[in-house]
Amino acid sequence: MVQSNPRLSFLISEKIGDRWITHLDELRNLEPFAEDHEFRKRWRETQEGTKAELAAYIKQRLNIEVDPQSLFDVQVKRLHEYKRQHLNVLHIITLYNRIRQNPNLDITPRTFIFGGKAAPGYKMAKLIIKLITSVGDVVNHDRDVQGRLKVVFLPDYNVTLGQRVYPAADLSEQISTAGKEASGTGNMKFAMNGSLTIGTLDGANIEIRQEVGEENFFLFGLTAPEVADLKEKGYSPRDYYNGNPDLKAVIDAIAGGTFSPDEPNLFKPLIDSLLDRDDYLLLADYQRYIECQDKVSEAYRDLDRWSQMSILNTARMGKFSSDRSIRQYCQEIWKAEPIAVKLCGYDGSQEGIGVRCDL
Ligand SMILES: *Cc1c(COP(=O)(O)O)cnc(C)c1O
């Protein structure tokens, strides 16, 4: 946070001092300020500054104009079917279809930001990247959209780029099929920097929700036991497709070449995989994801309340410290005692960061 999110770090230190940098649970001292309207306003202005910096990067790197006031909806992580970047795309197309049906619809402006690499031989993952950029090419230039939706795929995702992205997110997409994500760490980086999470009960999402409070977390989707039950009973994705007109319209748009007019069959392998197998249950979770996203859009209309939730996310993320984690391993697993280390060029009068003299 100190390195990648200086604006927020300064604001926090101004309020609660800088001991949180080495004792992360002290972020808890921010909690009372979540009730302070003046502080919420400064929190929001700080995040707007950070979002404007990412907007400038997007303009420079991709020549796409994004509105820093819009909801920055971010999914950055390796491309994988279980992480369900394509479920996020189904939501984008759902919003796009709503606008096409009624261009005057009052919708919450959103900027969808993706980043992540596909393994070299993973064709489906590469096709999902192609889907994201193709949907962006159509949505970003459609006059009826009037700039209310933008879709951005950031190339060459890595830690350095992550340092620009995590601090600038309003919404963190953690939407893996329940039971598939061991932990995730991106989810922690986002929440610590004040993003709200939309997520399934999977991996560390579960502990994050426990810590930040269920009222400050957008939960949706099947649970791991429900996923197992559904597969056991025999899952038929086509029944969801036939039974849900909005979902059908989204799938038909992709399959019909709306986003690949020069190559209408481009996404056929992806469509076939969803309708015939759908191993990661996108179609089963679609409706609940859309309804949850509608709640997110509604919540973002009350920026003061959103900022309160954002402050509480940061304030309650102290548990997700690597120091705490290693300390607990030492106590519970390794039975290792801490030892004092003398730091070079450092008088030791306070705890601090330095280089060990004996190295
Ligand atoms: C944190 C991080 C990840 C892991 O992200 P998950 O959302 O936990 O999968 C992957 N790549 C980079 C560059 C990261 O910074």
# chains A, B, ... in the order shown; residues from 1 in each chain; ligands from 1

call {"tool": "residues_near_ligand", "arguments": {"ligand": "ligand 1", "cutoff": "8 Å", "atoms": "only C-alpha atoms and all ligand atoms", "output": "VMD selection string"}}
result
chain A and resid 75 to 78 83 116 157 to 163 174 183 to 189

call {"tool": "residues_around", "arguments": {"residues": "Ile251 in chain A", "least_positions_apart": "5", "cutoff": "12 Å", "atoms": "only C-alpha atoms", "output": "ChimeraX atom specification"}}
result
/A:86-87,89-94,97,237-238,240-242,244-246,256-259,267-268,270-275,282-283,286

call {"tool": "atom_distance", "arguments": {"atom1": "CA of Asn5 in chain A", "atom2": "CA of Arg28 in chain A"}}
result
18.2 Å

call {"tool": "select_by_dssp", "arguments": {"residues": "range 63-175 of chain A", "states": "helix (DSSP H, G or I)", "output": "short mmCIF file (atom, residue, chain, number, x, y, z; two decimals) with all heavy atoms, in the first residue's frame"}}
result
data_model
loop_
_atom_site.label_atom_id
_atom_site.label_comp_id
_atom_site.auth_asym_id
_atom_site.auth_seq_id
_atom_site.Cartn_x
_atom_site.Cartn_y
_atom_site.Cartn_z
N GLU A 81 -10.64 -20.49 -17.17
CA GLU A 81 -12.09 -20.68 -17.19
C GLU A 81 -12.68 -20.70 -15.78
O GLU A 81 -13.78 -20.22 -15.56
CB GLU A 81 -12.46 -21.96 -17.95
CG GLU A 81 -12.24 -21.83 -19.45
CD GLU A 81 -12.25 -23.20 -20.14
OE1 GLU A 81 -11.21 -23.90 -20.07
OE2 GLU A 81 -13.29 -23.56 -20.72
N TYR A 82 -11.93 -21.27 -14.80
CA TYR A 82 -12.51 -21.34 -13.45
C TYR A 82 -12.62 -19.96 -12.81
O TYR A 82 -13.47 -19.74 -11.94
CB TYR A 82 -11.72 -22.32 -12.55
CG TYR A 82 -10.56 -21.74 -11.77
CD1 TYR A 82 -10.78 -20.98 -10.60
CD2 TYR A 82 -9.24 -21.93 -12.18
CE1 TYR A 82 -9.71 -20.44 -9.89
CE2 TYR A 82 -8.18 -21.40 -11.47
CZ TYR A 82 -8.42 -20.66 -10.33
OH TYR A 82 -7.37 -20.12 -9.62
N LYS A 83 -11.80 -19.01 -13.24
CA LYS A 83 -11.87 -17.65 -12.70
C LYS A 83 -13.01 -16.85 -13.33
O LYS A 83 -13.40 -15.82 -12.83
CB LYS A 83 -10.53 -16.94 -12.87
CG LYS A 83 -9.43 -17.52 -11.97
CD LYS A 83 -8.10 -16.83 -12.24
CE LYS A 83 -6.95 -17.36 -11.38
NZ LYS A 83 -6.99 -16.89 -9.98
N GLN A 85 -13.66 -15.02 -16.17
CA GLN A 85 -13.69 -13.70 -16.80
C GLN A 85 -14.86 -13.60 -17.77
O GLN A 85 -15.44 -12.52 -17.97
CB GLN A 85 -12.38 -13.45 -17.56
CG GLN A 85 -11.19 -13.05 -16.69
CD GLN A 85 -10.35 -14.22 -16.23
OE1 GLN A 85 -10.70 -15.39 -16.42
NE2 GLN A 85 -9.21 -13.93 -15.61
N HIS A 86 -15.24 -14.75 -18.39
CA HIS A 86 -16.35 -14.71 -19.36
C HIS A 86 -17.71 -14.53 -18.70
O HIS A 86 -18.64 -14.08 -19.35
CB HIS A 86 -16.31 -15.88 -20.35
CG HIS A 86 -16.05 -17.25 -19.76
ND1 HIS A 86 -15.47 -17.47 -18.53
CD2 HIS A 86 -16.31 -18.49 -20.26
CE1 HIS A 86 -15.37 -18.77 -18.30
NE2 HIS A 86 -15.87 -19.41 -19.33
N LEU A 87 -17.84 -14.83 -17.39
CA LEU A 87 -19.08 -14.51 -16.68
C LEU A 87 -19.22 -12.98 -16.57
O LEU A 87 -20.30 -12.42 -16.77
CB LEU A 87 -19.09 -15.17 -15.29
CG LEU A 87 -20.32 -14.92 -14.41
CD1 LEU A 87 -21.61 -15.37 -15.09
CD2 LEU A 87 -20.17 -15.61 -13.05
N ASN A 88 -18.10 -12.34 -16.27
CA ASN A 88 -18.05 -10.87 -16.26
C ASN A 88 -18.50 -10.32 -17.63
O ASN A 88 -19.31 -9.39 -17.70
CB ASN A 88 -16.60 -10.47 -15.92
CG ASN A 88 -16.40 -8.99 -15.67
OD1 ASN A 88 -17.17 -8.16 -16.13
ND2 ASN A 88 -15.33 -8.65 -14.97
N VAL A 89 -18.01 -10.94 -18.71
CA VAL A 89 -18.40 -10.49 -20.06
C VAL A 89 -19.91 -10.69 -20.29
O VAL A 89 -20.55 -9.83 -20.90
CB VAL A 89 -17.58 -11.24 -21.15
CG1 VAL A 89 -18.06 -10.84 -22.54
CG2 VAL A 89 -16.09 -10.96 -20.99
N LEU A 90 -20.47 -11.78 -19.78
CA LEU A 90 -21.92 -11.98 -19.93
C LEU A 90 -22.68 -10.82 -19.27
O LEU A 90 -23.72 -10.37 -19.78
CB LEU A 90 -22.38 -13.32 -19.33
CG LEU A 90 -21.79 -14.61 -19.93
CD1 LEU A 90 -22.44 -15.85 -19.30
CD2 LEU A 90 -21.95 -14.66 -21.45
N HIS A 91 -22.17 -10.31 -18.16
CA HIS A 91 -22.80 -9.15 -17.51
C HIS A 91 -22.67 -7.90 -18.39
O HIS A 91 -23.65 -7.16 -18.57
CB HIS A 91 -22.17 -8.90 -16.13
CG HIS A 91 -22.64 -7.62 -15.49
ND1 HIS A 91 -21.77 -6.62 -15.07
CD2 HIS A 91 -23.89 -7.17 -15.21
CE1 HIS A 91 -22.48 -5.63 -14.56
NE2 HIS A 91 -23.76 -5.92 -14.62
N ILE A 92 -21.49 -7.68 -18.96
CA ILE A 92 -21.30 -6.49 -19.82
C ILE A 92 -22.30 -6.53 -20.98
O ILE A 92 -22.96 -5.52 -21.28
CB ILE A 92 -19.85 -6.44 -20.38
CG1 ILE A 92 -18.83 -6.34 -19.24
CG2 ILE A 92 -19.70 -5.26 -21.34
CD1 ILE A 92 -17.37 -6.47 -19.69
N ILE A 93 -22.43 -7.69 -21.59
CA ILE A 93 -23.34 -7.80 -22.75
C ILE A 93 -24.80 -7.64 -22.30
O ILE A 93 -25.62 -7.07 -23.01
CB ILE A 93 -23.12 -9.13 -23.51
CG1 ILE A 93 -21.67 -9.20 -24.03
CG2 ILE A 93 -24.10 -9.26 -24.68
CD1 ILE A 93 -21.29 -10.55 -24.64
N THR A 94 -25.12 -8.11 -21.09
CA THR A 94 -26.48 -7.91 -20.55
C THR A 94 -26.79 -6.41 -20.44
O THR A 94 -27.87 -5.96 -20.85
CB THR A 94 -26.60 -8.57 -19.15
OG1 THR A 94 -26.30 -9.97 -19.28
CG2 THR A 94 -28.00 -8.40 -18.58
N LEU A 95 -25.83 -5.63 -19.93
CA LEU A 95 -26.03 -4.18 -19.82
C LEU A 95 -26.13 -3.55 -21.21
O LEU A 95 -26.97 -2.66 -21.45
CB LEU A 95 -24.88 -3.52 -19.05
CG LEU A 95 -24.72 -3.91 -17.58
CD1 LEU A 95 -23.54 -3.17 -16.95
CD2 LEU A 95 -25.99 -3.62 -16.79
N TYR A 96 -25.29 -4.03 -22.12
CA TYR A 96 -25.30 -3.52 -23.50
C TYR A 96 -26.66 -3.79 -24.16
O TYR A 96 -27.24 -2.91 -24.81
CB TYR A 96 -24.16 -4.16 -24.28
CG TYR A 96 -24.05 -3.70 -25.72
CD1 TYR A 96 -23.92 -2.34 -26.03
CD2 TYR A 96 -24.07 -4.62 -26.77
CE1 TYR A 96 -23.82 -1.92 -27.36
CE2 TYR A 96 -23.96 -4.20 -28.09
CZ TYR A 96 -23.84 -2.86 -28.37
OH TYR A 96 -23.73 -2.45 -29.67
N ASN A 97 -27.19 -4.99 -23.95
CA ASN A 97 -28.51 -5.33 -24.50
C ASN A 97 -29.61 -4.44 -23.91
O ASN A 97 -30.53 -4.03 -24.63
CB ASN A 97 -28.84 -6.80 -24.26
CG ASN A 97 -28.10 -7.72 -25.22
OD1 ASN A 97 -27.53 -7.26 -26.22
ND2 ASN A 97 -28.10 -9.02 -24.92
N ARG A 98 -29.50 -4.14 -22.61
CA ARG A 98 -30.50 -3.24 -21.99
C ARG A 98 -30.46 -1.87 -22.66
O ARG A 98 -31.51 -1.27 -22.92
CB ARG A 98 -30.22 -3.08 -20.49
CG ARG A 98 -30.58 -4.28 -19.65
CD ARG A 98 -30.27 -4.00 -18.18
NE ARG A 98 -30.36 -5.21 -17.37
CZ ARG A 98 -29.94 -5.31 -16.11
NH1 ARG A 98 -29.38 -4.26 -15.51
NH2 ARG A 98 -30.06 -6.44 -15.45
N ILE A 99 -29.26 -1.37 -22.94
CA ILE A 99 -29.13 -0.05 -23.58
C ILE A 99 -29.67 -0.10 -25.01
O ILE A 99 -30.34 0.82 -25.47
CB ILE A 99 -27.66 0.43 -23.56
CG1 ILE A 99 -27.25 0.79 -22.14
CG2 ILE A 99 -27.47 1.62 -24.50
CD1 ILE A 99 -25.79 1.19 -21.98
N ARG A 100 -29.39 -1.21 -25.71
CA ARG A 100 -29.88 -1.32 -27.09
C ARG A 100 -31.41 -1.34 -27.13
O ARG A 100 -32.03 -0.80 -28.03
CB ARG A 100 -29.31 -2.57 -27.77
CG ARG A 100 -27.82 -2.41 -28.07
CD ARG A 100 -27.37 -3.34 -29.16
NE ARG A 100 -27.52 -4.74 -28.79
CZ ARG A 100 -27.23 -5.75 -29.59
NH1 ARG A 100 -26.79 -5.52 -30.81
NH2 ARG A 100 -27.38 -7.00 -29.17
N GLN A 101 -32.02 -1.96 -26.10
CA GLN A 101 -33.49 -2.00 -26.03
C GLN A 101 -34.07 -0.65 -25.65
O GLN A 101 -35.16 -0.30 -26.08
CB GLN A 101 -33.93 -3.04 -24.99
CG GLN A 101 -33.76 -4.46 -25.49
CD GLN A 101 -34.74 -5.41 -24.82
OE1 GLN A 101 -35.24 -5.13 -23.73
NE2 GLN A 101 -35.03 -6.52 -25.47
N LYS A 123 -5.93 -22.50 -25.40
CA LYS A 123 -6.67 -21.84 -26.48
C LYS A 123 -7.93 -21.14 -25.98
O LYS A 123 -8.27 -20.05 -26.44
CB LYS A 123 -7.06 -22.87 -27.54
CG LYS A 123 -5.89 -23.34 -28.36
CD LYS A 123 -6.32 -23.66 -29.79
CE LYS A 123 -5.09 -23.84 -30.65
NZ LYS A 123 -5.28 -24.80 -31.75
N MET A 124 -8.66 -21.81 -25.07
CA MET A 124 -9.92 -21.23 -24.60
C MET A 124 -9.66 -19.91 -23.87
O MET A 124 -10.41 -18.96 -24.02
CB MET A 124 -10.64 -22.23 -23.70
CG MET A 124 -12.09 -21.92 -23.49
SD MET A 124 -13.07 -21.94 -25.02
CE MET A 124 -13.39 -23.70 -25.17
N ALA A 125 -8.57 -19.86 -23.09
CA ALA A 125 -8.23 -18.63 -22.37
C ALA A 125 -7.91 -17.51 -23.35
O ALA A 125 -8.30 -16.35 -23.15
CB ALA A 125 -7.06 -18.89 -21.42
N LYS A 126 -7.20 -17.86 -24.43
CA LYS A 126 -6.89 -16.86 -25.44
C LYS A 126 -8.16 -16.36 -26.14
O LYS A 126 -8.29 -15.18 -26.47
CB LYS A 126 -5.87 -17.40 -26.45
CG LYS A 126 -4.49 -17.52 -25.84
CD LYS A 126 -3.48 -18.11 -26.80
CE LYS A 126 -2.11 -18.21 -26.16
NZ LYS A 126 -1.41 -16.92 -26.10
N LEU A 127 -9.09 -17.30 -26.33
CA LEU A 127 -10.36 -16.92 -26.98
C LEU A 127 -11.17 -15.98 -26.06
O LEU A 127 -11.89 -15.09 -26.54
CB LEU A 127 -11.15 -18.18 -27.34
CG LEU A 127 -12.33 -18.02 -28.29
CD1 LEU A 127 -11.93 -17.34 -29.60
CD2 LEU A 127 -12.99 -19.38 -28.58
N ILE A 128 -11.05 -16.18 -24.76
CA ILE A 128 -11.74 -15.29 -23.82
C ILE A 128 -11.15 -13.88 -23.89
O ILE A 128 -11.88 -12.89 -23.87
CB ILE A 128 -11.71 -15.87 -22.38
CG1 ILE A 128 -12.56 -17.15 -22.31
CG2 ILE A 128 -12.23 -14.84 -21.37
CD1 ILE A 128 -12.43 -17.94 -21.01
N ILE A 129 -9.82 -13.78 -24.01
CA ILE A 129 -9.20 -12.45 -24.20
C ILE A 129 -9.75 -11.80 -25.48
O ILE A 129 -10.13 -10.62 -25.49
CB ILE A 129 -7.66 -12.54 -24.29
CG1 ILE A 129 -7.08 -13.07 -22.97
CG2 ILE A 129 -7.06 -11.17 -24.63
CD1 ILE A 129 -5.56 -13.24 -22.98
N LYS A 130 -9.83 -12.60 -26.53
CA LYS A 130 -10.35 -12.09 -27.80
C LYS A 130 -11.79 -11.61 -27.65
O LYS A 130 -12.19 -10.59 -28.21
CB LYS A 130 -10.24 -13.19 -28.88
CG LYS A 130 -10.71 -12.78 -30.26
CD LYS A 130 -9.85 -11.70 -30.88
CE LYS A 130 -10.36 -11.34 -32.29
NZ LYS A 130 -9.71 -10.09 -32.77
N LEU A 131 -12.58 -12.36 -26.86
CA LEU A 131 -13.97 -11.96 -26.61
C LEU A 131 -14.02 -10.61 -25.88
O LEU A 131 -14.81 -9.73 -26.23
CB LEU A 131 -14.71 -13.04 -25.81
CG LEU A 131 -16.16 -12.71 -25.44
CD1 LEU A 131 -17.05 -12.61 -26.69
CD2 LEU A 131 -16.74 -13.75 -24.47
N ILE A 132 -13.16 -10.45 -24.88
CA ILE A 132 -13.15 -9.20 -24.10
C ILE A 132 -12.82 -8.01 -25.02
O ILE A 132 -13.53 -6.99 -25.02
CB ILE A 132 -12.13 -9.28 -22.94
CG1 ILE A 132 -12.57 -10.33 -21.91
CG2 ILE A 132 -11.97 -7.91 -22.27
CD1 ILE A 132 -11.48 -10.73 -20.90
N THR A 133 -11.78 -8.15 -25.82
CA THR A 133 -11.38 -7.01 -26.67
C THR A 133 -12.43 -6.78 -27.78
O THR A 133 -12.69 -5.63 -28.16
CB THR A 133 -9.98 -7.20 -27.29
OG1 THR A 133 -9.97 -8.42 -28.06
CG2 THR A 133 -8.92 -7.30 -26.22
N SER A 134 -13.05 -7.87 -28.25
CA SER A 134 -14.07 -7.71 -29.31
C SER A 134 -15.32 -7.02 -28.78
O SER A 134 -15.89 -6.15 -29.45
CB SER A 134 -14.45 -9.08 -29.88
OG SER A 134 -13.32 -9.74 -30.41
N VAL A 135 -15.74 -7.39 -27.58
CA VAL A 135 -16.90 -6.72 -26.97
C VAL A 135 -16.55 -5.25 -26.74
O VAL A 135 -17.36 -4.36 -27.01
CB VAL A 135 -17.31 -7.43 -25.65
CG1 VAL A 135 -18.32 -6.60 -24.86
CG2 VAL A 135 -17.90 -8.81 -25.96
N GLY A 136 -15.32 -4.99 -26.29
CA GLY A 136 -14.87 -3.61 -26.10
C GLY A 136 -14.92 -2.81 -27.39
O GLY A 136 -15.40 -1.68 -27.42
N ASP A 137 -14.47 -3.41 -28.49
CA ASP A 137 -14.46 -2.70 -29.77
C ASP A 137 -15.86 -2.27 -30.19
O ASP A 137 -16.05 -1.20 -30.77
CB ASP A 137 -13.84 -3.58 -30.87
CG ASP A 137 -12.33 -3.71 -30.72
OD1 ASP A 137 -11.73 -2.87 -30.01
OD2 ASP A 137 -11.75 -4.66 -31.29
N VAL A 138 -16.86 -3.10 -29.89
CA VAL A 138 -18.24 -2.75 -30.25
C VAL A 138 -18.84 -1.76 -29.24
O VAL A 138 -19.32 -0.69 -29.61
CB VAL A 138 -19.11 -4.03 -30.35
CG1 VAL A 138 -20.59 -3.68 -30.50
CG2 VAL A 138 -18.64 -4.90 -31.52
N VAL A 139 -18.76 -2.12 -27.96
CA VAL A 139 -19.43 -1.31 -26.92
C VAL A 139 -18.81 0.09 -26.83
O VAL A 139 -19.53 1.09 -26.74
CB VAL A 139 -19.33 -2.04 -25.55
CG1 VAL A 139 -19.77 -1.12 -24.41
CG2 VAL A 139 -20.17 -3.31 -25.57
N ARG A 143 -22.77 4.51 -30.48
CA ARG A 143 -23.26 5.85 -30.12
C ARG A 143 -24.34 5.79 -29.05
O ARG A 143 -24.42 6.67 -28.19
CB ARG A 143 -23.81 6.57 -31.36
CG ARG A 143 -22.76 6.82 -32.42
CD ARG A 143 -23.32 7.79 -33.47
NE ARG A 143 -22.89 9.16 -33.20
CZ ARG A 143 -21.72 9.65 -33.57
NH1 ARG A 143 -20.85 8.91 -34.21
NH2 ARG A 143 -21.40 10.91 -33.30
N ASP A 144 -25.19 4.76 -29.10
CA ASP A 144 -26.27 4.64 -28.12
C ASP A 144 -25.73 4.48 -26.69
O ASP A 144 -26.41 4.81 -25.73
CB ASP A 144 -27.19 3.45 -28.44
CG ASP A 144 -28.14 3.76 -29.59
OD1 ASP A 144 -28.28 4.96 -29.92
OD2 ASP A 144 -28.72 2.81 -30.15
N VAL A 145 -24.55 3.95 -26.59
CA VAL A 145 -23.96 3.73 -25.26
C VAL A 145 -23.55 5.07 -24.62
O VAL A 145 -23.59 5.23 -23.41
CB VAL A 145 -22.75 2.77 -25.34
CG1 VAL A 145 -22.06 2.63 -23.99
CG2 VAL A 145 -23.22 1.39 -25.83
N VAL A 159 3.11 -7.44 -11.93
CA VAL A 159 3.02 -6.80 -10.61
C VAL A 159 3.12 -5.27 -10.73
O VAL A 159 2.40 -4.53 -10.06
CB VAL A 159 4.10 -7.35 -9.65
CG1 VAL A 159 4.15 -6.55 -8.36
CG2 VAL A 159 3.81 -8.82 -9.34
N THR A 160 4.02 -4.82 -11.61
CA THR A 160 4.20 -3.36 -11.75
C THR A 160 2.90 -2.70 -12.22
O THR A 160 2.51 -1.65 -11.71
CB THR A 160 5.36 -3.08 -12.74
OG1 THR A 160 6.52 -3.77 -12.26
CG2 THR A 160 5.65 -1.61 -12.85
N LEU A 161 2.25 -3.33 -13.18
CA LEU A 161 0.96 -2.80 -13.65
C LEU A 161 -0.09 -2.96 -12.55
O LEU A 161 -0.94 -2.07 -12.35
CB LEU A 161 0.55 -3.50 -14.94
CG LEU A 161 -0.74 -3.06 -15.62
CD1 LEU A 161 -0.81 -1.54 -15.79
CD2 LEU A 161 -0.87 -3.74 -16.98
N GLY A 162 -0.01 -4.07 -11.81
CA GLY A 162 -0.93 -4.29 -10.70
C GLY A 162 -0.89 -3.13 -9.70
O GLY A 162 -1.92 -2.73 -9.16
N GLN A 163 0.30 -2.58 -9.50
CA GLN A 163 0.43 -1.47 -8.55
C GLN A 163 -0.36 -0.25 -8.99
O GLN A 163 -0.76 0.57 -8.16
CB GLN A 163 1.91 -1.11 -8.36
CG GLN A 163 2.64 -2.19 -7.56
CD GLN A 163 4.11 -1.89 -7.38
OE1 GLN A 163 4.69 -1.03 -8.05
NE2 GLN A 163 4.75 -2.59 -6.48
N ARG A 164 -0.61 -0.09 -10.29
CA ARG A 164 -1.47 1.01 -10.75
C ARG A 164 -2.94 0.65 -10.61
O ARG A 164 -3.78 1.52 -10.45
CB ARG A 164 -1.24 1.28 -12.25
CG ARG A 164 0.10 1.83 -12.61
CD ARG A 164 0.08 2.03 -14.16
NE ARG A 164 1.37 2.44 -14.65
CZ ARG A 164 1.75 3.73 -14.75
NH1 ARG A 164 0.93 4.70 -14.39
NH2 ARG A 164 2.94 4.03 -15.21
N VAL A 165 -3.23 -0.66 -10.78
CA VAL A 165 -4.61 -1.08 -10.95
C VAL A 165 -5.34 -1.30 -9.62
O VAL A 165 -6.44 -0.78 -9.42
CB VAL A 165 -4.68 -2.36 -11.81
CG1 VAL A 165 -6.09 -2.90 -11.88
CG2 VAL A 165 -4.15 -2.08 -13.22
N TYR A 166 -4.73 -2.09 -8.71
CA TYR A 166 -5.44 -2.41 -7.46
C TYR A 166 -5.91 -1.15 -6.72
O TYR A 166 -7.06 -1.11 -6.26
CB TYR A 166 -4.57 -3.29 -6.54
CG TYR A 166 -4.30 -4.68 -7.07
CD1 TYR A 166 -3.05 -5.03 -7.55
CD2 TYR A 166 -5.31 -5.64 -7.11
CE1 TYR A 166 -2.79 -6.31 -8.05
CE2 TYR A 166 -5.06 -6.93 -7.60
CZ TYR A 166 -3.79 -7.25 -8.07
OH TYR A 166 -3.55 -8.50 -8.56
N PRO A 167 -5.06 -0.10 -6.59
CA PRO A 167 -5.50 1.07 -5.83
C PRO A 167 -6.65 1.84 -6.50
O PRO A 167 -7.33 2.61 -5.84
CB PRO A 167 -4.24 1.95 -5.76
CG PRO A 167 -3.10 1.04 -6.00
CD PRO A 167 -3.62 0.01 -6.97
N ALA A 168 -6.85 1.63 -7.81
CA ALA A 168 -7.81 2.45 -8.56
C ALA A 168 -9.16 1.76 -8.73
O ALA A 168 -10.04 2.29 -9.42
CB ALA A 168 -7.23 2.80 -9.94
#
